[in-house]
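Novice: What follows is entry29.cif, mmCIF, C-alpha atoms.
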```
data_structure
#
loop_
_atom_site.label_atom_id
_atom_site.label_comp_id
_atom_site.auth_asym_id
_atom_site.auth_seq_id
_atom_site.Cartn_x
_atom_site.Cartn_y
_atom_site.Cartn_z
CA MET A 73 33.37 28.64 3.89
CA ASN A 74 34.06 26.67 0.72
CA ARG A 75 33.41 23.47 2.59
CA ARG A 76 30.09 24.78 3.87
CA LEU A 77 29.19 25.82 0.34
CA LEU A 78 30.03 22.34 -0.92
CA VAL A 79 27.82 20.68 1.67
CA GLY A 80 25.04 23.19 0.96
CA LEU A 81 25.17 22.43 -2.76
CA PHE A 82 24.97 18.72 -2.06
CA LEU A 83 21.93 19.25 0.19
CA LEU A 84 20.21 21.44 -2.40
CA GLN A 85 20.75 18.79 -5.02
CA ALA A 86 19.43 16.16 -2.64
CA GLY A 87 16.33 18.23 -2.02
CA ALA A 88 15.77 18.72 -5.73
CA LEU A 89 16.11 15.01 -6.38
CA ALA A 90 13.74 14.18 -3.55
CA ALA A 91 11.15 16.67 -4.80
CA GLN A 92 11.41 15.20 -8.26
CA SER A 93 10.95 11.71 -6.93
CA THR A 94 7.53 12.57 -5.51
CA SER A 95 6.18 13.80 -8.81
CA ASP A 96 8.00 11.66 -11.31
CA THR A 97 9.77 8.34 -11.54
CA PRO A 98 11.88 7.93 -8.38
CA VAL A 99 15.47 8.89 -9.09
CA ALA A 100 17.03 6.85 -6.34
CA VAL A 101 16.17 3.54 -4.78
CA ILE A 102 17.66 2.89 -1.39
CA VAL A 103 17.80 -0.79 -0.54
CA ALA A 104 18.80 -1.32 3.06
CA GLY A 105 18.44 -4.44 5.14
CA PRO A 106 19.18 -7.99 4.08
CA GLN A 107 19.32 -8.78 0.38
CA VAL A 108 18.00 -11.90 -1.30
CA GLY A 109 20.39 -14.76 -0.55
CA GLU A 110 21.64 -13.19 2.67
CA ARG A 111 20.86 -14.46 6.15
CA ALA A 112 17.86 -12.68 7.66
CA PRO A 113 18.76 -10.76 10.82
CA ASP A 114 17.53 -12.57 13.90
CA PHE A 115 15.01 -10.88 16.15
CA SER A 116 12.70 -11.53 19.04
CA LEU A 117 9.50 -9.53 19.61
CA PRO A 118 6.33 -9.68 21.74
CA TRP A 119 3.13 -10.65 19.95
CA SER A 120 -0.63 -10.72 20.02
CA THR A 121 -3.22 -12.70 18.11
CA ARG A 122 -7.00 -12.46 17.90
CA GLU A 123 -7.13 -14.59 21.05
CA VAL A 124 -4.07 -13.53 23.05
CA THR A 125 -2.61 -10.19 24.13
CA GLY A 126 1.11 -10.44 24.75
CA GLY A 127 1.76 -14.15 24.30
CA ASP A 128 4.64 -15.98 25.94
CA PRO A 129 7.35 -16.67 24.89
CA TRP A 130 8.13 -13.88 22.45
CA PHE A 131 8.27 -14.70 18.77
CA SER A 132 11.87 -15.61 17.92
CA LEU A 133 13.00 -15.85 14.30
CA SER A 134 15.81 -18.26 15.14
CA ALA A 135 13.26 -20.61 16.70
CA GLN A 136 11.53 -20.85 13.30
CA ARG A 137 14.57 -22.38 11.59
CA GLY A 138 13.38 -25.20 9.34
CA ARG A 139 10.13 -23.37 8.51
CA VAL A 140 9.34 -20.96 5.73
CA VAL A 141 8.64 -17.56 7.30
CA VAL A 142 6.84 -14.56 5.80
CA VAL A 143 7.61 -11.27 7.53
CA ALA A 144 5.32 -8.37 6.59
CA PHE A 145 6.19 -4.89 7.84
CA TYR A 146 3.26 -2.45 7.68
CA PRO A 147 2.55 1.13 8.80
CA ARG A 148 -0.35 1.01 11.28
CA ASP A 149 -3.20 -1.16 12.55
CA PHE A 150 -6.68 -0.08 11.43
CA THR A 151 -5.50 2.13 8.57
CA SER A 152 -7.04 1.47 5.17
CA GLY A 153 -4.03 0.06 3.33
CA CYS A 154 -2.99 -2.15 6.23
CA THR A 155 -6.52 -3.41 6.69
CA ALA A 156 -6.64 -4.32 3.00
CA GLU A 157 -3.30 -6.11 3.21
CA MET A 158 -3.94 -8.02 6.44
CA LYS A 159 -7.51 -8.91 5.50
CA THR A 160 -6.32 -10.30 2.18
CA PHE A 161 -3.62 -12.32 3.96
CA ALA A 162 -6.30 -13.72 6.28
CA ASP A 163 -8.97 -14.41 3.68
CA GLN A 164 -6.54 -16.04 1.25
CA TYR A 165 -4.24 -17.57 3.83
CA ALA A 166 -4.32 -21.14 2.52
CA ASP A 167 -3.88 -20.01 -1.09
CA LEU A 168 -1.15 -17.45 -0.42
CA PHE A 169 0.85 -19.26 2.22
CA GLY A 170 -0.24 -22.71 3.40
CA GLU A 171 -0.47 -24.19 6.84
CA ASP A 172 3.23 -24.97 7.24
CA VAL A 173 4.33 -21.35 6.72
CA ALA A 174 4.85 -18.96 9.63
CA VAL A 175 3.40 -15.52 8.82
CA VAL A 176 3.97 -12.49 11.03
CA GLY A 177 2.98 -8.86 10.66
CA ILE A 178 5.15 -6.20 12.30
CA SER A 179 4.20 -2.61 13.09
CA THR A 180 4.86 -0.08 15.84
CA ASP A 181 1.41 -0.61 17.37
CA SER A 182 0.96 -1.82 20.93
CA LEU A 183 0.05 -5.39 21.83
CA ALA A 184 -3.45 -4.29 22.87
CA THR A 185 -4.05 -2.57 19.52
CA HIS A 186 -2.71 -5.61 17.71
CA ARG A 187 -5.17 -7.83 19.58
CA ARG A 188 -8.14 -5.63 18.62
CA PHE A 189 -6.95 -5.44 15.00
CA ALA A 190 -6.43 -9.21 14.76
CA GLU A 191 -9.78 -9.84 16.40
CA GLU A 192 -11.66 -7.49 14.09
CA LEU A 193 -10.15 -8.98 10.93
CA GLY A 194 -10.00 -12.58 12.20
CA LEU A 195 -6.29 -12.83 11.50
CA PRO A 196 -4.93 -16.40 11.76
CA PHE A 197 -1.35 -15.26 12.44
CA GLN A 198 0.69 -13.30 14.96
CA LEU A 199 1.16 -9.54 14.96
CA LEU A 200 4.46 -8.43 16.48
CA SER A 201 4.96 -5.16 18.29
CA ASP A 202 8.11 -3.18 17.47
CA PRO A 203 7.39 0.30 18.89
CA ASP A 204 11.00 1.50 18.70
CA GLN A 205 11.50 0.12 15.17
CA VAL A 206 14.46 -1.94 16.29
CA VAL A 207 13.61 -4.77 13.91
CA SER A 208 12.19 -2.71 11.04
CA LYS A 209 15.48 -0.78 10.95
CA LYS A 210 17.40 -4.04 10.59
CA TYR A 211 15.20 -4.90 7.61
CA GLY A 212 15.34 -1.47 5.94
CA SER A 213 11.63 -1.05 6.59
CA ALA A 214 11.55 1.83 9.09
CA ASP A 215 10.19 5.16 7.94
CA PRO A 216 11.82 8.11 9.75
CA ALA A 217 8.33 9.41 10.53
CA GLY A 218 8.00 6.63 13.10
CA TYR A 219 6.01 3.98 11.28
CA ASN A 220 7.01 1.06 9.11
CA ARG A 221 7.13 1.04 5.36
CA ARG A 222 5.07 -1.66 3.68
CA THR A 223 7.54 -4.44 2.84
CA VAL A 224 7.41 -8.22 2.70
CA PHE A 225 10.20 -10.77 3.12
CA VAL A 226 9.99 -14.50 2.48
CA LEU A 227 12.61 -16.44 4.41
CA GLY A 228 13.61 -19.95 3.46
CA ARG A 229 14.02 -22.89 5.80
CA ASP A 230 17.73 -22.07 5.93
CA GLY A 231 16.98 -18.67 7.44
CA LYS A 232 18.05 -16.76 4.33
CA VAL A 233 16.02 -14.17 2.44
CA ALA A 234 14.49 -15.89 -0.58
CA TYR A 235 12.25 -13.04 -1.77
CA ASP A 236 11.59 -9.43 -0.88
CA ASP A 237 9.15 -6.74 -1.96
CA ARG A 238 10.30 -3.35 -0.67
CA ARG A 239 7.21 -1.51 -1.93
CA PHE A 240 4.45 -4.03 -1.39
CA GLY A 241 1.23 -2.75 -2.96
CA ALA A 242 -1.64 -3.45 -0.57
CA LEU A 243 -4.16 -3.03 -3.40
CA ASP A 244 -2.08 -4.50 -6.19
CA PRO A 245 -3.21 -8.01 -7.18
CA LYS A 246 0.15 -8.56 -8.89
CA ALA A 247 1.96 -8.03 -5.58
CA TYR A 248 -0.05 -10.85 -4.00
CA GLU A 249 0.54 -13.09 -7.03
CA ARG A 250 4.29 -12.51 -6.82
CA LEU A 251 4.25 -13.23 -3.09
CA LYS A 252 2.23 -16.42 -3.59
CA ASP A 253 4.61 -17.61 -6.32
CA ALA A 254 7.62 -16.84 -4.14
CA VAL A 255 6.22 -18.73 -1.15
CA GLN A 256 5.34 -21.73 -3.28
CA GLU A 257 8.80 -21.76 -4.82
CA VAL A 258 10.48 -21.59 -1.42
CA ARG A 259 8.24 -24.34 -0.03
CA LYS A 260 9.06 -26.56 -3.00
CA ALA A 261 12.77 -25.86 -2.77
CA GLY A 262 12.77 -26.74 0.90
CA ALA A 263 10.75 -29.92 0.36
CA SER A 264 13.19 -31.28 -2.21
CA HIS A 265 16.18 -31.03 0.15
CA MET B 2 36.74 13.55 2.32
CA LYS B 3 34.71 13.57 5.53
CA LEU B 4 32.52 16.36 4.21
CA ILE B 5 31.84 14.52 0.97
CA TRP B 6 30.87 11.46 3.01
CA ILE B 7 28.47 13.57 5.12
CA ALA B 8 26.96 15.16 2.03
CA GLY B 9 26.55 11.77 0.40
CA CYS B 10 24.77 10.44 3.45
CA ALA B 11 22.49 13.49 3.43
CA LEU B 12 21.65 12.84 -0.21
CA LEU B 13 20.81 9.21 0.53
CA CYS B 14 18.72 10.09 3.59
CA VAL B 15 16.62 12.72 1.79
CA ALA B 16 16.02 10.44 -1.20
CA ALA B 17 15.08 7.55 1.06
CA THR B 18 12.62 9.73 2.98
CA ALA B 19 11.00 10.92 -0.22
CA ALA B 20 10.67 7.39 -1.53
CA ALA B 21 9.10 6.25 1.71
CA ALA B 22 6.73 9.19 1.85
CA ALA B 23 5.60 8.56 -1.70
CA GLN B 24 4.76 4.95 -0.90
CA ASP B 25 1.44 5.49 0.82
CA LEU B 26 0.28 8.93 -0.31
CA GLY B 27 -0.96 8.56 -3.86
CA LEU B 28 -0.25 10.95 -6.72
CA PRO B 29 0.39 14.64 -5.95
CA VAL B 30 -2.28 17.22 -6.70
CA GLY B 31 -1.48 19.17 -9.87
CA THR B 32 0.08 16.28 -11.75
CA ASP B 33 -1.34 14.81 -14.94
CA ALA B 34 -3.71 11.93 -14.33
CA PRO B 35 -2.56 8.66 -15.89
CA ARG B 36 -4.82 6.73 -18.24
CA PRO B 37 -4.10 3.07 -17.48
CA ALA B 38 -5.81 0.18 -19.21
CA VAL B 39 -8.72 -1.15 -17.17
CA LYS B 40 -11.62 -3.50 -17.81
CA ASP B 41 -15.27 -3.77 -16.99
CA LEU B 42 -16.86 -6.63 -15.06
CA ASP B 43 -17.19 -8.65 -18.26
CA GLY B 44 -13.48 -8.34 -18.98
CA LYS B 45 -13.88 -5.88 -21.82
CA PRO B 46 -11.15 -3.21 -22.08
CA VAL B 47 -12.19 0.30 -21.07
CA ASP B 48 -10.22 3.36 -22.14
CA LEU B 49 -10.15 5.92 -19.32
CA GLY B 50 -8.97 8.43 -21.93
CA GLN B 51 -12.52 8.69 -23.21
CA TRP B 52 -13.23 10.74 -20.05
CA ILE B 53 -9.91 11.91 -18.58
CA GLY B 54 -8.83 15.12 -20.29
CA ARG B 55 -12.26 15.56 -21.85
CA LYS B 56 -14.44 16.20 -18.79
CA PRO B 57 -14.03 16.27 -15.01
CA VAL B 58 -13.71 12.80 -13.54
CA LEU B 59 -14.07 11.47 -9.99
CA ILE B 60 -12.56 8.05 -9.38
CA GLU B 61 -12.90 5.99 -6.23
CA PHE B 62 -10.78 2.86 -5.73
CA TRP B 63 -13.07 0.51 -3.85
CA ALA B 64 -13.84 -3.06 -2.79
CA THR B 65 -16.94 -4.80 -1.48
CA TRP B 66 -15.17 -5.56 1.82
CA CYS B 67 -14.14 -1.92 2.37
CA GLU B 68 -16.10 -0.38 5.25
CA ASN B 69 -14.77 3.10 4.50
CA CYS B 70 -16.05 2.78 0.95
CA GLU B 71 -19.51 1.88 2.17
CA ALA B 72 -19.47 4.77 4.62
CA LEU B 73 -18.51 7.10 1.78
CA LEU B 74 -21.39 6.00 -0.48
CA PRO B 75 -23.99 8.54 0.76
CA LYS B 76 -21.58 11.41 0.14
CA LEU B 77 -20.74 10.15 -3.33
CA THR B 78 -24.41 9.62 -4.09
CA SER B 79 -25.19 13.16 -3.02
CA ALA B 80 -22.30 14.50 -5.10
CA ARG B 81 -23.42 12.62 -8.17
CA THR B 82 -26.95 13.96 -7.74
CA ARG B 83 -25.54 17.50 -7.74
CA VAL B 84 -22.96 17.30 -10.54
CA GLY B 85 -23.41 13.94 -12.21
CA ASP B 86 -24.42 15.65 -15.45
CA ARG B 87 -21.03 17.40 -15.62
CA VAL B 88 -18.64 15.00 -13.89
CA GLU B 89 -17.96 11.35 -14.76
CA PHE B 90 -18.16 9.17 -11.64
CA ILE B 91 -16.08 5.97 -11.83
CA GLY B 92 -15.55 3.28 -9.22
CA ILE B 93 -12.54 1.12 -9.93
CA ASN B 94 -12.76 -2.14 -8.02
CA VAL B 95 -9.26 -3.06 -6.87
CA THR B 96 -9.94 -6.81 -7.36
CA VAL B 97 -7.84 -7.79 -4.34
CA ASN B 98 -9.86 -10.43 -2.49
CA GLN B 99 -12.67 -9.95 -4.99
CA THR B 100 -14.38 -11.77 -7.84
CA PRO B 101 -16.64 -10.29 -10.52
CA ASP B 102 -19.54 -12.33 -9.12
CA ARG B 103 -18.99 -10.97 -5.64
CA VAL B 104 -18.99 -7.44 -7.06
CA ARG B 105 -22.19 -8.14 -9.00
CA ARG B 106 -23.90 -9.45 -5.85
CA TYR B 107 -22.83 -6.31 -4.00
CA MET B 108 -24.16 -4.15 -6.82
CA ALA B 109 -27.50 -5.93 -6.60
CA GLN B 110 -27.71 -4.93 -2.92
CA HIS B 111 -26.32 -1.40 -3.18
CA GLU B 112 -27.12 1.40 -5.56
CA LEU B 113 -23.61 2.52 -6.50
CA PRO B 114 -23.20 6.12 -7.64
CA PHE B 115 -20.53 5.34 -10.21
CA ARG B 116 -19.68 3.34 -13.30
CA VAL B 117 -18.04 0.13 -12.02
CA LEU B 118 -14.75 -0.95 -13.56
CA TYR B 119 -12.66 -3.98 -12.58
CA ASP B 120 -8.87 -3.60 -12.44
CA THR B 121 -7.89 -7.22 -12.94
CA ASP B 122 -4.12 -6.77 -13.02
CA GLY B 123 -3.83 -3.69 -10.80
CA ALA B 124 -2.70 -1.36 -13.58
CA SER B 125 -4.73 1.58 -12.29
CA VAL B 126 -3.77 0.94 -8.67
CA ARG B 127 -0.11 1.22 -9.66
CA ALA B 128 -0.61 4.13 -12.06
CA PHE B 129 -2.52 6.20 -9.49
CA ALA B 130 -0.38 4.92 -6.59
CA ALA B 131 -3.62 4.11 -4.77
CA PRO B 132 -2.64 3.63 -1.13
CA ALA B 133 -5.93 2.22 0.14
CA THR B 134 -9.51 1.48 -0.73
CA SER B 135 -11.80 4.53 -0.46
CA TYR B 136 -9.04 6.50 -2.23
CA VAL B 137 -10.77 9.27 -4.21
CA VAL B 138 -9.08 11.09 -7.08
CA LEU B 139 -10.74 14.12 -8.62
CA ILE B 140 -9.46 15.12 -12.06
CA ASP B 141 -10.27 18.42 -13.75
CA ARG B 142 -11.38 18.88 -17.35
CA GLY B 143 -7.76 19.33 -18.45
CA GLY B 144 -6.68 16.00 -16.96
CA LYS B 145 -4.89 17.42 -13.89
CA ILE B 146 -5.39 15.92 -10.45
CA LEU B 147 -7.36 18.37 -8.35
CA TYR B 148 -7.92 16.39 -5.16
CA THR B 149 -6.94 13.10 -3.53
CA GLY B 150 -8.16 11.66 -0.25
CA VAL B 151 -8.79 8.49 1.70
CA GLY B 152 -11.36 7.52 4.30
CA PRO B 153 -15.05 7.86 5.09
CA ASP B 154 -15.07 11.59 5.92
CA GLN B 155 -13.51 13.26 2.90
CA GLU B 156 -14.06 16.91 2.05
CA PHE B 157 -14.07 17.10 -1.72
CA ASP B 158 -17.21 19.20 -2.23
CA ALA B 159 -15.37 22.45 -2.94
CA SER B 160 -12.95 20.80 -5.38
CA LEU B 161 -15.83 18.98 -7.05
CA ALA B 162 -17.78 22.21 -7.48
CA ARG B 163 -14.69 23.84 -8.96
CA ALA B 164 -14.18 20.94 -11.34
CA ALA B 165 -17.83 21.07 -12.36
CA GLY B 166 -17.58 24.82 -12.93
CA ILE B 167 -20.25 25.76 -10.42
CA SER B 168 -20.05 28.05 -7.39
CA HIS B 169 -19.98 26.25 -4.07
#
```
Could I get this structure in the form of structure tokens?
Specialist:
Amino acid sequence: MNRRLLVGLFLLQAGALAAQSTSDTPVAVIVAGPQVGERAPDFSLPWSTREVTGGDPWFSLSAQRGRVVVVAFYPRDFTSGCTAEMKTFADQYADLFGEDVAVVGISTDSLATHRRFAEELGLPFQLLSDPDQVVSKKYGSADPAGYNRRTVFVLGRDGKVAYDDRRFGALDPKAYERLKDAVQEVRKAGASH
Amino acid sequence: MKLIWIAGCALLCVAATAAAAAQDLGLPVGTDAPRPAVKDLDGKPVDLGQWIGRKPVLIEFWATWCENCEALLPKLTSARTRVGDRVEFIGINVTVNQTPDRVRRYMAQHELPFRVLYDTDGASVRAFAAPATSYVVLIDRGGKILYTGVGPDQEFDASLARAAGISH
């Protein structure tokens, strides 16, 4: 009984902390997935673009070695925040990333939905489909509710995480500035090797 | 030892869920509205505190490229016609993928039912945890958040009437 009481008290405290975190400054920050400086977990996923539904072969991270890669996890196609984020990526692609950078968006949406979303926004990059959140879990970007959290990772040419934003603000101009700076820094670092 | 490990995991899981849930939902109803520093289209500082806590305020976070925002315009226009003498209507442009000139051109083509502000560094987006454009925040006279919503089909009429102190 004492053990059950102990566990119950822990759970009550956890609930109190969680409730507080929604109305005040978060009391706990959970950082799962690869950290800056660590090797990014490899993955392979099917993709669509504005022109192709389910391209072949699948997108493979290990096949990108030698390129700077930006991996953006996002909740859902066609939702307001994701539309803002992806449209900004598309409209400012050259400024934010540059032609030699591989950019991919990952959500749980189907390949057909990805195609429509990419077509509507004119996205110049691939959208990867991860319906079971296999990859987003590896990157600490899976929400238990079944969609991805909005996170961004910049991976260097060596395949290591060079920058991450675990709470990317789709409407926050500073978030895009930080991302742009990070990409430029990684591109420069790679070019000097 | 095993039980402590289980309880610890439970603590981490609940906290992680809360953090994730808070990411895309905006500020909770009933909390005090923040008063971040924003600017107008000419770059002049604007103090939101001149309205928040002094009279009811409706804020929409918007952008010229936001289709939901454009779809919401008739409803906001109608609302301002009804209660614009009692409620301050403010449209904070999120400035992502925007320029002041682009906003001015849009304003020349659309009659916007709110005072347009321009959040150059995203201070208000962060302060209000704005998850998306078309995000509407209604604040009562005392500075408490009364309503939040996103999208083209929002139902804020009842809350707006309450804020304005009129029967709906």
Novice: Grab the atom CA of Gly85 of chain B to atom CA of Lys40 of chain B distance for me, in Å with one decimal place.
Specialist: 21.8 Å
Novice: I would like the residues chosen by the PyMOL selection byres ((chain B and resi 127) around 9) on the shown file; could you give them as JSON, numbers by chain?
Specialist: {"A": [241, 243, 244], "B": [37, 123, 124, 125, 126, 128, 129, 130, 131]}
Novice: The residues within 10 Å of (-1.6, -13.0, -6.6), using only C-alpha atoms and the coordinates of the file, should be reported as a PyMOL selection string; which are they?
Specialist: (chain A and resi 164+167-168+244-253) or (chain B and resi 97-98+122)
Novice: Skip segment 122-135 of chain A itself and residues of its chain fewer than 4 positions away, then list as a ChimeraX atom specification all residues within 6 Å of it, counting all atoms listed in the file.
Specialist: /A:114-118,183,187,190-191
Novice: Could you state the separation of atom CA of Arg105 of chain B and atom CA of Thr65 of chain B in Å, given to one decimal place?
Specialist: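 About the pair atom CA of Arg105 of chain B and atom CA of Thr65 of chain B: they are 9.8 Å apart.
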Novice: Given the file shown, determine the residues that the PyMOL selection byres ((chain A and resi 197-207) around 9) selects; report them as a PDB file with C-alpha atoms, keeping the file's coordinate frame.
Specialist:
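Written file, expr33.pdb:
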```
ATOM      1  CA  PRO A 113      18.760 -10.760  10.820  1.00  0.00           C
ATOM      2  CA  ASP A 114      17.530 -12.570  13.900  1.00  0.00           C
ATOM      3  CA  PHE A 115      15.010 -10.880  16.150  1.00  0.00           C
ATOM      4  CA  SER A 116      12.700 -11.530  19.040  1.00  0.00           C
ATOM      5  CA  LEU A 117       9.500  -9.530  19.610  1.00  0.00           C
ATOM      6  CA  PRO A 118       6.330  -9.680  21.740  1.00  0.00           C
ATOM      7  CA  TRP A 119       3.130 -10.650  19.950  1.00  0.00           C
ATOM      8  CA  SER A 120      -0.630 -10.720  20.020  1.00  0.00           C
ATOM      9  CA  THR A 121      -3.220 -12.700  18.110  1.00  0.00           C
ATOM     10  CA  ARG A 122      -7.000 -12.460  17.900  1.00  0.00           C
ATOM     11  CA  TRP A 130       8.130 -13.880  22.450  1.00  0.00           C
ATOM     12  CA  PHE A 131       8.270 -14.700  18.770  1.00  0.00           C
ATOM     13  CA  ALA A 162      -6.300 -13.720   6.280  1.00  0.00           C
ATOM     14  CA  ALA A 174       4.850 -18.960   9.630  1.00  0.00           C
ATOM     15  CA  VAL A 175       3.400 -15.520   8.820  1.00  0.00           C
ATOM     16  CA  VAL A 176       3.970 -12.490  11.030  1.00  0.00           C
ATOM     17  CA  GLY A 177       2.980  -8.860  10.660  1.00  0.00           C
ATOM     18  CA  ILE A 178       5.150  -6.200  12.300  1.00  0.00           C
ATOM     19  CA  SER A 179       4.200  -2.610  13.090  1.00  0.00           C
ATOM     20  CA  THR A 180       4.860  -0.080  15.840  1.00  0.00           C
ATOM     21  CA  ASP A 181       1.410  -0.610  17.370  1.00  0.00           C
ATOM     22  CA  SER A 182       0.960  -1.820  20.930  1.00  0.00           C
ATOM     23  CA  LEU A 183       0.050  -5.390  21.830  1.00  0.00           C
ATOM     24  CA  HIS A 186      -2.710  -5.610  17.710  1.00  0.00           C
ATOM     25  CA  ARG A 187      -5.170  -7.830  19.580  1.00  0.00           C
ATOM     26  CA  ALA A 190      -6.430  -9.210  14.760  1.00  0.00           C
ATOM     27  CA  LEU A 195      -6.290 -12.830  11.500  1.00  0.00           C
ATOM     28  CA  PRO A 196      -4.930 -16.400  11.760  1.00  0.00           C
ATOM     29  CA  SER A 208      12.190  -2.710  11.040  1.00  0.00           C
ATOM     30  CA  LYS A 209      15.480  -0.780  10.950  1.00  0.00           C
ATOM     31  CA  LYS A 210      17.400  -4.040  10.590  1.00  0.00           C
ATOM     32  CA  TYR A 211      15.200  -4.900   7.610  1.00  0.00           C
ATOM     33  CA  GLY A 212      15.340  -1.470   5.940  1.00  0.00           C
ATOM     34  CA  SER A 213      11.630  -1.050   6.590  1.00  0.00           C
ATOM     35  CA  ALA A 214      11.550   1.830   9.090  1.00  0.00           C
ATOM     36  CA  ASP A 215      10.190   5.160   7.940  1.00  0.00           C
ATOM     37  CA  GLY A 218       8.000   6.630  13.100  1.00  0.00           C
ATOM     38  CA  TYR A 219       6.010   3.980  11.280  1.00  0.00           C
ATOM     39  CA  ASN A 220       7.010   1.060   9.110  1.00  0.00           C
TER      40      ASN A 220
END
```
Novice: Would you mind telling me which residue in B:Pro114, B:Gly92, B:Gly44, B:Gly152 lies nearest to chain A when using all atoms listed in the file?
Specialist: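 Of all the options, B:Gly152 lies closest to chain A.
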Novice: Considering all atoms listed in the file, state which residue in the set B:Ser160, B:Gln110, B:Thr149, B:Gln99 is at the smallest distance from chain A.
Specialist: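 Comparing B:Ser160, B:Gln110, B:Thr149, B:Gln99 against chain A, the winner is B:Gln99.
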Novice: Quick one: everything within 12 Å of Asp86 of chain B, counting all atoms listed in the file, minus sequence neighbours fewer than 5 positions away in the same chain. Send it as an mmCIF file with C-alpha atoms, keeping the file's coordinate frame.
Specialist:
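So result20.cif came out as:
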```
data_model
loop_
_atom_site.group_PDB
_atom_site.id
_atom_site.type_symbol
_atom_site.label_atom_id
_atom_site.label_comp_id
_atom_site.auth_asym_id
_atom_site.auth_seq_id
_atom_site.Cartn_x
_atom_site.Cartn_y
_atom_site.Cartn_z
ATOM 1 C CA LYS B 56 -14.440 16.200 -18.790
ATOM 2 C CA PRO B 57 -14.030 16.270 -15.010
ATOM 3 C CA VAL B 58 -13.710 12.800 -13.540
ATOM 4 C CA ALA B 80 -22.300 14.500 -5.100
ATOM 5 C CA ARG B 81 -23.420 12.620 -8.170
ATOM 6 C CA ALA B 165 -17.830 21.070 -12.360
ATOM 7 C CA GLY B 166 -17.580 24.820 -12.930
#
```
Novice: What's the separation between atom CA of Ala64 of chain B and atom CA of Pro153 of chain B, in Å to one decimal place?
Specialist: 13.5 Å
Novice: Evaluate the PyMOL selection byres ((chain B and resi 143) around 8) against this structure - the residues, as a short mmCIF file (atom, residue, chain, number, x, y, z; two decimals) with C-alpha atoms, in the coordinates of the input, please.
Specialist:
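Result file is expr-v5.cif:
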```
data_model
loop_
_atom_site.label_atom_id
_atom_site.label_comp_id
_atom_site.auth_asym_id
_atom_site.auth_seq_id
_atom_site.Cartn_x
_atom_site.Cartn_y
_atom_site.Cartn_z
CA ILE B 53 -9.91 11.91 -18.58
CA GLY B 54 -8.83 15.12 -20.29
CA ARG B 55 -12.26 15.56 -21.85
CA LYS B 56 -14.44 16.20 -18.79
CA PRO B 57 -14.03 16.27 -15.01
CA ILE B 140 -9.46 15.12 -12.06
CA ASP B 141 -10.27 18.42 -13.75
CA ARG B 142 -11.38 18.88 -17.35
CA GLY B 144 -6.68 16.00 -16.96
CA LYS B 145 -4.89 17.42 -13.89
#
```
Novice: Closest to chain A among B:Leu59, B:Ile146, B:Ala133, B:Asp41, using all atoms listed in the file?
Specialist: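 That would be B:Ala133, the residue with the smallest distance to chain A.
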Novice: Which residue out of A:Phe161, A:Phe225, A:Tyr235, A:Phe240 has the minimum interatomic distance to Pro147 of chain A when only C-alpha atoms are used?
Specialist: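 Checking each candidate against Pro147 of chain A, we get A:Phe240 as the closest.
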